[in-house]
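Participant: I'm passing along upload-v2.cif; it holds mmCIF, C-alpha atoms and all ligand atoms.
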data_input
loop_
_atom_site.label_atom_id
_atom_site.label_comp_id
_atom_site.auth_asym_id
_atom_site.auth_seq_id
_atom_site.Cartn_x
_atom_site.Cartn_y
_atom_site.Cartn_z
CA MET A 19 -33.71 -10.42 -40.46
CA SER A 20 -35.54 -13.70 -41.09
CA PRO A 21 -38.36 -14.70 -38.68
CA LYS A 22 -36.19 -17.63 -37.48
CA ASN A 23 -33.29 -15.28 -36.71
CA GLN A 24 -35.67 -12.86 -34.97
CA GLN A 25 -36.94 -15.70 -32.79
CA GLY A 26 -33.35 -16.67 -31.96
CA GLN A 27 -32.50 -13.07 -30.98
CA LYS A 28 -35.60 -12.82 -28.77
CA LYS A 29 -34.67 -16.08 -27.02
CA LEU A 30 -31.14 -14.84 -26.47
CA ALA A 31 -32.43 -11.49 -25.09
CA ASP A 32 -34.65 -13.39 -22.61
CA GLU A 33 -31.69 -15.57 -21.60
CA MET A 34 -29.58 -12.44 -21.15
CA LYS A 35 -32.22 -10.79 -18.91
CA ASN A 36 -32.24 -13.97 -16.84
CA ALA A 37 -28.43 -14.07 -16.71
CA MET A 38 -28.27 -10.44 -15.58
CA ARG A 39 -30.35 -11.34 -12.52
CA SER A 40 -27.14 -12.87 -11.08
CA LEU A 41 -25.25 -9.57 -11.27
CA GLY A 42 -26.03 -7.81 -8.01
CA ALA A 43 -25.86 -4.00 -8.09
CA THR A 44 -26.44 -0.92 -5.96
CA VAL A 45 -29.73 0.76 -6.80
CA SER A 46 -29.54 4.43 -7.82
CA ILE A 47 -31.97 7.06 -8.97
CA VAL A 48 -30.66 9.14 -11.85
CA THR A 49 -32.07 12.67 -11.89
CA SER A 50 -32.04 15.46 -14.44
CA VAL A 51 -34.00 18.44 -15.73
CA LYS A 52 -35.19 19.32 -19.20
CA GLU A 53 -36.82 22.68 -19.91
CA GLY A 54 -37.85 23.09 -16.28
CA SER A 55 -39.30 19.56 -15.93
CA ARG A 56 -37.63 17.23 -13.43
CA TYR A 57 -36.85 13.61 -14.32
CA ALA A 58 -36.05 10.65 -12.05
CA MET A 59 -35.29 7.07 -13.10
CA THR A 60 -34.26 4.04 -11.09
CA ALA A 61 -31.09 2.50 -12.54
CA THR A 62 -28.48 -0.16 -11.84
CA ALA A 63 -26.57 -0.04 -15.17
CA ILE A 64 -24.06 2.48 -13.80
CA SER A 65 -20.31 2.09 -13.69
CA SER A 66 -17.15 3.91 -12.80
CA LEU A 67 -15.40 4.91 -16.05
CA SER A 68 -12.28 7.00 -15.39
CA PHE A 69 -10.33 8.63 -12.54
CA ASP A 70 -8.57 11.17 -14.75
CA PRO A 71 -10.85 12.88 -15.43
CA PRO A 72 -13.30 11.53 -12.82
CA ALA A 73 -16.16 10.09 -14.86
CA LEU A 74 -18.88 7.46 -14.76
CA LEU A 75 -21.28 5.96 -17.28
CA VAL A 76 -24.96 5.18 -17.17
CA CYS A 77 -26.89 3.01 -19.65
CA VAL A 78 -30.37 4.38 -20.38
CA ASN A 79 -33.16 2.74 -22.35
CA GLN A 80 -34.11 4.91 -25.32
CA ASN A 81 -37.82 4.50 -24.43
CA THR A 82 -37.46 6.40 -21.16
CA GLY A 83 -38.11 10.00 -20.21
CA MET A 84 -34.57 10.13 -18.81
CA HIS A 85 -33.22 9.43 -22.28
CA GLU A 86 -35.00 12.55 -23.58
CA ALA A 87 -33.41 14.67 -20.87
CA LEU A 88 -29.88 13.30 -21.22
CA SER A 89 -29.80 13.22 -25.01
CA ASP A 90 -30.47 16.97 -24.85
CA GLY A 91 -27.14 17.30 -23.00
CA ASN A 92 -28.58 18.25 -19.61
CA ASP A 93 -26.55 17.69 -16.43
CA PHE A 94 -27.53 14.72 -14.28
CA CYS A 95 -27.02 13.28 -10.82
CA VAL A 96 -26.56 9.63 -9.75
CA ASN A 97 -28.16 9.17 -6.31
CA ALA A 98 -27.12 5.81 -4.85
CA LEU A 99 -29.90 4.73 -2.49
CA ASN A 100 -29.66 3.82 1.16
CA SER A 101 -30.96 0.46 2.38
CA HIS A 102 -34.25 2.00 3.60
CA GLN A 103 -35.09 3.71 0.28
CA GLU A 104 -36.67 0.78 -1.55
CA GLU A 105 -39.97 2.66 -1.87
CA LEU A 106 -38.22 5.48 -3.77
CA SER A 107 -36.69 2.91 -6.12
CA GLU A 108 -40.11 1.48 -6.90
CA ASN A 109 -41.59 4.96 -7.32
CA CYS A 110 -39.01 5.89 -9.94
CA ALA A 111 -39.19 2.57 -11.81
CA TRP A 112 -42.87 1.88 -12.29
CA LYS A 113 -45.08 2.89 -9.35
CA LEU A 114 -45.43 6.62 -9.97
CA GLU A 115 -45.84 8.47 -13.24
CA ALA A 116 -43.00 10.82 -14.15
CA GLY A 117 -44.63 14.00 -12.77
CA LYS A 118 -45.20 12.51 -9.29
CA ARG A 119 -41.78 10.96 -8.61
CA PHE A 120 -40.56 13.90 -6.53
CA ASN A 121 -43.62 13.89 -4.23
CA GLU A 122 -41.90 11.50 -1.82
CA GLY A 123 -38.28 11.71 -0.65
CA ASN A 124 -35.93 14.37 0.66
CA TRP A 125 -35.30 16.06 -2.71
CA LYS A 126 -33.20 19.21 -2.95
CA THR A 127 -31.96 21.22 -5.93
CA SER A 128 -28.27 21.79 -6.70
CA LYS A 129 -26.87 25.20 -7.61
CA SER A 130 -26.99 24.15 -11.26
CA GLY A 131 -30.71 23.26 -10.91
CA ILE A 132 -30.47 19.46 -10.81
CA PRO A 133 -32.61 17.59 -8.24
CA TYR A 134 -30.73 15.34 -5.83
CA LEU A 135 -31.68 13.17 -2.89
CA ALA A 136 -30.32 14.86 0.25
CA ASP A 137 -30.23 11.58 2.26
CA ALA A 138 -28.85 9.33 -0.48
CA GLN A 139 -25.85 7.08 0.14
CA VAL A 140 -23.99 9.30 -2.29
CA SER A 141 -25.01 11.90 -4.89
CA ILE A 142 -22.64 12.25 -7.83
CA HIS A 143 -23.23 15.34 -9.97
CA CYS A 144 -22.16 15.15 -13.61
CA HIS A 145 -22.02 17.09 -16.84
CA ILE A 146 -22.71 15.04 -19.98
CA ASP A 147 -19.42 14.47 -21.77
CA GLY A 148 -20.35 12.08 -24.54
CA SER A 149 -22.80 9.36 -25.48
CA TYR A 150 -22.92 6.21 -27.55
CA ASP A 151 -26.10 4.61 -28.90
CA TYR A 152 -26.14 0.84 -28.83
CA GLY A 153 -29.30 -1.11 -29.68
CA SER A 154 -32.12 -0.33 -27.26
CA HIS A 155 -29.92 1.78 -24.94
CA THR A 156 -27.56 4.74 -24.90
CA ILE A 157 -24.39 4.94 -22.82
CA PHE A 158 -24.09 8.44 -21.35
CA ILE A 159 -20.71 9.53 -20.02
CA GLY A 160 -20.91 11.80 -16.99
CA LYS A 161 -17.91 13.98 -16.14
CA ILE A 162 -18.12 14.36 -12.37
CA HIS A 163 -18.04 17.87 -10.89
CA ASN A 164 -19.38 17.38 -7.36
CA ILE A 165 -19.92 14.52 -4.90
CA ILE A 166 -21.99 14.49 -1.70
CA ASN A 167 -21.23 11.42 0.41
CA ALA A 168 -23.04 9.97 3.42
CA ASP A 169 -20.75 9.10 6.31
CA HIS A 170 -21.74 5.42 6.40
CA ILE A 171 -21.98 2.64 3.81
CA ASP A 172 -25.36 0.94 3.77
CA PRO A 173 -26.61 0.78 0.16
CA LEU A 174 -29.79 -0.70 -1.26
CA LEU A 175 -28.80 -3.72 -3.37
CA TYR A 176 -30.70 -5.49 -6.16
CA LEU A 177 -30.12 -9.13 -7.01
CA ASN A 178 -32.29 -11.71 -8.77
CA GLY A 179 -35.21 -9.25 -8.90
CA GLU A 180 -35.18 -8.63 -5.12
CA TYR A 181 -33.90 -5.94 -2.77
CA PHE A 182 -31.21 -6.67 -0.18
CA THR A 183 -28.95 -4.82 2.23
CA ARG A 184 -25.22 -5.47 2.66
CA HIS A 185 -26.09 -7.67 5.63
CA SER A 186 -27.96 -9.91 3.15
CA GLU A 187 -31.19 -9.24 4.94
CA LYS A 188 -33.93 -9.84 2.36
CA LYS A 189 -36.02 -6.69 1.99
CA SER A 190 -38.92 -7.97 -0.17
C1 LIG B 1 -33.81 -2.13 -9.93
C2 LIG B 1 -34.06 -1.48 -11.26
C3 LIG B 1 -32.97 -1.12 -12.06
C4 LIG B 1 -33.17 -0.49 -13.31
N1 LIG B 1 -32.07 -0.13 -14.04
C5 LIG B 1 -32.25 0.53 -15.21
C6 LIG B 1 -31.12 1.00 -15.94
O1 LIG B 1 -29.97 0.85 -15.53
N2 LIG B 1 -31.34 1.65 -17.12
C7 LIG B 1 -32.62 1.86 -17.60
O2 LIG B 1 -32.76 2.45 -18.69
N3 LIG B 1 -33.71 1.43 -16.92
C8 LIG B 1 -33.55 0.77 -15.74
N4 LIG B 1 -34.64 0.37 -15.01
C9 LIG B 1 -35.99 0.62 -15.55
C10 LIG B 1 -36.40 2.07 -15.33
O3 LIG B 1 -36.32 2.45 -13.97
C11 LIG B 1 -37.83 2.32 -15.82
O4 LIG B 1 -37.97 1.86 -17.12
C12 LIG B 1 -38.09 3.81 -15.76
O5 LIG B 1 -38.84 4.14 -14.65
C13 LIG B 1 -38.79 4.34 -16.94
O6 LIG B 1 -38.95 5.73 -16.71
P1 LIG B 1 -40.06 6.54 -17.49
O7 LIG B 1 -41.36 5.85 -17.15
O8 LIG B 1 -39.94 7.90 -16.93
O9 LIG B 1 -39.71 6.47 -18.93
C14 LIG B 1 -34.48 -0.25 -13.77
C15 LIG B 1 -35.58 -0.62 -12.97
C16 LIG B 1 -35.37 -1.21 -11.73
C17 LIG B 1 -36.54 -1.59 -10.86
#
Rewrite the structure of this file - the entire thing - as C-alpha cells.

Facilitator:
Amino acid sequence: MSPKNQQGQKKLADEMKNAMRSLGATVSIVTSVKEGSRYAMTATAISSLSFDPPALLVCVNQNTGMHEALSDGNDFCVNALNSHQEELSENCAWKLEAGKRFNEGNWKTSKSGIPYLADAQVSIHCHIDGSYDYGSHTIFIGKIHNIINADHIDPLLYLNGEYFTRHSEKKS
C-alpha cells in the first residue's frame, strides 16, 4: 500500500473510532481459561447471533490475551455488568494486569472450569463454535449452553467514552 493510501486508511480508522462512540452498548467482561490460567477482558463488541441454535458472537482484538485463550478453542462466558460494576470494567480493560483481574469481584467457577461473575446482570456460558479473522480482530461464535440471569435489568452502559445507567445518570 502506498504511503498516501496508508495515511487515508489511518484517517478513516480514526473517523470510525470516533463514529463508534455514538453506538451505546452494555459493558461485559468476557472470561475464559487457557491451560489453567484465567483470562478476563472488558468488551462491548458482542451481539446476539442465532436463536436456533442459541448463539452469540464476540469481536476480539488479536493483540489481547483473550484472543490467545479463545483461538485455542476454550469455552468462554459473557458477563454483562450491573450499573455498579464500573470498577470491574476498568480493571479488565486497562487498570489491572491480566494476572490480577480476578482479585476484585464476586468471581465463581462453573462446572466446566470457566470463571464467571456471580453478581453480573447475566452470565452467558458458551462453547466456541467457529471463528472468522478480519483485520485486527477475530469474530468468535459462542454456542450457548447455560445462562444465569439476575432478576432485574440495570446494566452498565458505555456511550461516547463514558459510563451510564439506564436512567441516563452519568457515572463518570
Ligand atoms: C468499554 C470498553 C469496551 C471494550 N470492548 C472491546 C471489545 O469488544 N473487543 C476487544 O477486543 N477489546 C475491547 N476493549 C479493550 C479491551 O478491554 C482491552 O484491550 C483488554 O483489556 C486487553 O486485554 P489484555 O491486556 O489482557 O490483552 C474494550 C475496552 C473498554 C474500556

Participant: Could you please determine the separation between atom CA of A:Met38 and atom CA of A:Glu104 in Å, to one decimal place?

Facilitator: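 Interatomic distance, atom CA of A:Met38 to atom CA of A:Glu104: 19.8 Å.
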
Participant: Could you check the closest approach to ligand LIG 1 (chain B) for each of A:Phe69, A:Phe94, A:Tyr134, A:Phe158 and tell me which residue wins, using all atoms listed in the file?

Facilitator: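 Going through A:Phe69, A:Phe94, A:Tyr134, A:Phe158 one by one, the smallest distance to ligand LIG 1 (chain B) is for A:Phe158.
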
Participant: Could you give me, as a PyMOL selection string, every polymer residue with an atom at most 8 Å away from an atom of ligand LIG 1 (chain B), counting all atoms listed in the file?

Facilitator: chain A and resi 45-46+57-64+76-85+107-112+115-116+155+176+179

Participant: Go ahead and compute the interatomic distance for atom CA of A:Ser154 and atom CA of A:Lys29, in Å to one decimal.

Facilitator: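 Atom CA of A:Lys29 lies at a distance of 16.0 Å from atom CA of A:Ser154.
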
Participant: What does the structure give for the distance between atom CA of A:Glu53 and atom CA of A:Gly148, in Å to one decimal?

Facilitator: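 Atom CA of A:Gly148 lies 20.1 Å from atom CA of A:Glu53.
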
Participant: Nearest residue to A:Val48 out of A:Leu75, A:Val96, A:Ala87, A:Leu67, using only C-alpha atoms?

Facilitator: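 Using only C-alpha atoms, the shortest distance to A:Val48 belongs to A:Val96.
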
Participant: Please determine, counting all atoms listed in the file, which residue among A:Ala138, A:Ala31, A:Ile159, A:Met19 has the shortest atom-to-atom distance to A:Gly91.

Facilitator: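 Checking each of A:Ala138, A:Ala31, A:Ile159, A:Met19 against A:Gly91, counting all atoms listed in the file, the winner is A:Ile159.
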
Participant: Between A:Lys126, A:Lys161, A:His185, A:Arg119, which one has atoms that come closest to A:Pro71, using all atoms listed in the file?

Facilitator: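 Closest to A:Pro71 of all the choices is A:Lys161.
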
Participant: Considering all atoms listed in the file, return as a PyMOL selection string whatever protein or nucleic-acid residues lie within 9 Å of A:Lys52, sequence-local ones (same chain, fewer than 2 positions apart) excluded.

Facilitator: chain A and resi 50+54-57+86-88+90+92

Participant: Please write the residues from the selection above to a file, keeping C-alpha atoms, as a PDB file, keeping the file's coordinate frame.

Facilitator:
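That gives us again_12.pdb:
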ATOM      1  CA  SER A  50     -32.040  15.460 -14.440  1.00  0.00           C
ATOM      2  CA  GLY A  54     -37.850  23.090 -16.280  1.00  0.00           C
ATOM      3  CA  SER A  55     -39.300  19.560 -15.930  1.00  0.00           C
ATOM      4  CA  ARG A  56     -37.630  17.230 -13.430  1.00  0.00           C
ATOM      5  CA  TYR A  57     -36.850  13.610 -14.320  1.00  0.00           C
ATOM      6  CA  GLU A  86     -35.000  12.550 -23.580  1.00  0.00           C
ATOM      7  CA  ALA A  87     -33.410  14.670 -20.870  1.00  0.00           C
ATOM      8  CA  LEU A  88     -29.880  13.300 -21.220  1.00  0.00           C
ATOM      9  CA  ASP A  90     -30.470  16.970 -24.850  1.00  0.00           C
ATOM     10  CA  ASN A  92     -28.580  18.250 -19.610  1.00  0.00           C
TER      11      ASN A  92
END

Participant: For a quick check of understanding, using all atoms listed in the file, which of A:His163, A:His170, A:Lys118, A:Lys35 has the smallest distance to A:His143?

Facilitator: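 Under the stated criterion, the closest residue is A:His163.
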
Participant: Would you compute the box with edges along x, y and z of the file around stretch 53-56 of chain A, including every atom the file lists for it and 6 Å extra on each side, and give its centre and edge lengths in Å to one decimal, as AutoDock Vina command-line options?

Facilitator:
--center_x -38.1 --center_y 20.2 --center_z -16.7 --size_x 14.5 --size_y 17.9 --size_z 18.5

Participant: Here is a test: counting all atoms listed in the file, which residue of A:Glu180, A:Val51, A:Asn100, A:Ile162 is nearest to A:Gly131?

Facilitator: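 The shortest atom-to-atom distance to A:Gly131 comes from A:Val51.
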
Participant: As a ChimeraX atom specification, please: the residues near A:Ile171 (cut-off 9 Å, all atoms listed in the file, same-chain neighbours under 2 positions excluded).

Facilitator: /A:100,139,168-169,173,184
